[in-house]
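Take a look at the structure below.
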Amino acid sequence: MKTYSNFIEIDANKRFGKPCIKGTRIAVYDVLGWLANGMTMQSILTDFPEITEEEILSCLAYSADREHKIRVA
């Protein structure tokens, strides 16, 4: 998979600066929430045809990278 930076952007004028899938207003947080609540990747793709499987996987990669970078005091 390509790096998630090809698919995720942060724009202060979109969704209050939350990371979103490029070209959409769908936040990484939204995608993670859908998956956590039991939506399948296929159901997300059906409900939101403007995004791709690779973009959903990029949301997971972005989240994993953020988790890896958390520092414990």
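How things are named: the first chain in the structure tokens is A, the next is B, and so on; residues count from 1 in each chain; ligands count from 1 in the order shown.
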(message) Can you pull out every residue from chain A that DSSP, working from the backbone, puts in alpha helix (DSSP H), and format the result as a ChimeraX atom specification?
(response) /A:28-36,41-47,53-69
Which polymer residues have any atom within 10 Å of an atom of Cys20 in chain A, counting only C-alpha atoms, with same-chain residues fewer than 2 positions away left out, as a PDB file with C-alpha atoms, in the first residue's frame?
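Saved file out_37.pdb follows:
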ATOM      1  CA  PHE A   7      -4.973   9.832   0.708  1.00  0.00           C
ATOM      2  CA  ILE A   8      -5.302  11.775   3.978  1.00  0.00           C
ATOM      3  CA  GLU A   9      -5.193  15.566   4.297  1.00  0.00           C
ATOM      4  CA  ILE A  10      -5.576  18.092   7.084  1.00  0.00           C
ATOM      5  CA  ASP A  11      -7.196  21.372   6.086  1.00  0.00           C
ATOM      6  CA  LYS A  14     -12.534  21.451   6.509  1.00  0.00           C
ATOM      7  CA  ARG A  15     -14.073  19.582   9.460  1.00  0.00           C
ATOM      8  CA  GLY A  17      -8.881  20.646  10.821  1.00  0.00           C
ATOM      9  CA  LYS A  18      -9.559  16.958  11.412  1.00  0.00           C
ATOM     10  CA  LYS A  22      -8.620  13.859   0.264  1.00  0.00           C
ATOM     11  CA  GLY A  23     -11.343  15.395  -1.862  1.00  0.00           C
ATOM     12  CA  THR A  24     -14.069  14.575   0.677  1.00  0.00           C
ATOM     13  CA  ARG A  25     -15.363  15.769   4.014  1.00  0.00           C
ATOM     14  CA  ILE A  26     -15.136  12.236   5.418  1.00  0.00           C
ATOM     15  CA  ALA A  27     -12.887  12.292   8.473  1.00  0.00           C
ATOM     16  CA  VAL A  28     -10.565   9.473   9.492  1.00  0.00           C
ATOM     17  CA  TYR A  29     -12.532   9.478  12.757  1.00  0.00           C
ATOM     18  CA  ASP A  30     -15.753   8.755  10.839  1.00  0.00           C
ATOM     19  CA  VAL A  31     -14.263   5.746   9.064  1.00  0.00           C
ATOM     20  CA  GLU A  55      -8.599   5.114   1.275  1.00  0.00           C
ATOM     21  CA  CYS A  59      -7.416   5.684   7.517  1.00  0.00           C
TER      22      CYS A  59
END
(request) Point out the residue among A:Asp65, A:Met41, A:Pro19, A:Ile70 with the least atom-to-atom distance to Glu53 in chain A, counting only C-alpha atoms. (result) A:Met41
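In this comparison, which uses only C-alpha atoms, the residue of A:Val72, A:Ala12, A:Ile51, A:Ile56 approaching Gly33 in chain A most closely is A:Ile56.
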(request) Determine which residues of chain A DSSP labels as strand (DSSP E) from the backbone of this structure, then write them out as a ChimeraX atom specification. (result) /A:8-10,19-21
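For the set A:Leu60, A:Thr52, A:Thr3, A:Asp47, the residue with the smallest atom-to-atom gap to Leu35 in chain A is A:Leu60, counting only C-alpha atoms.
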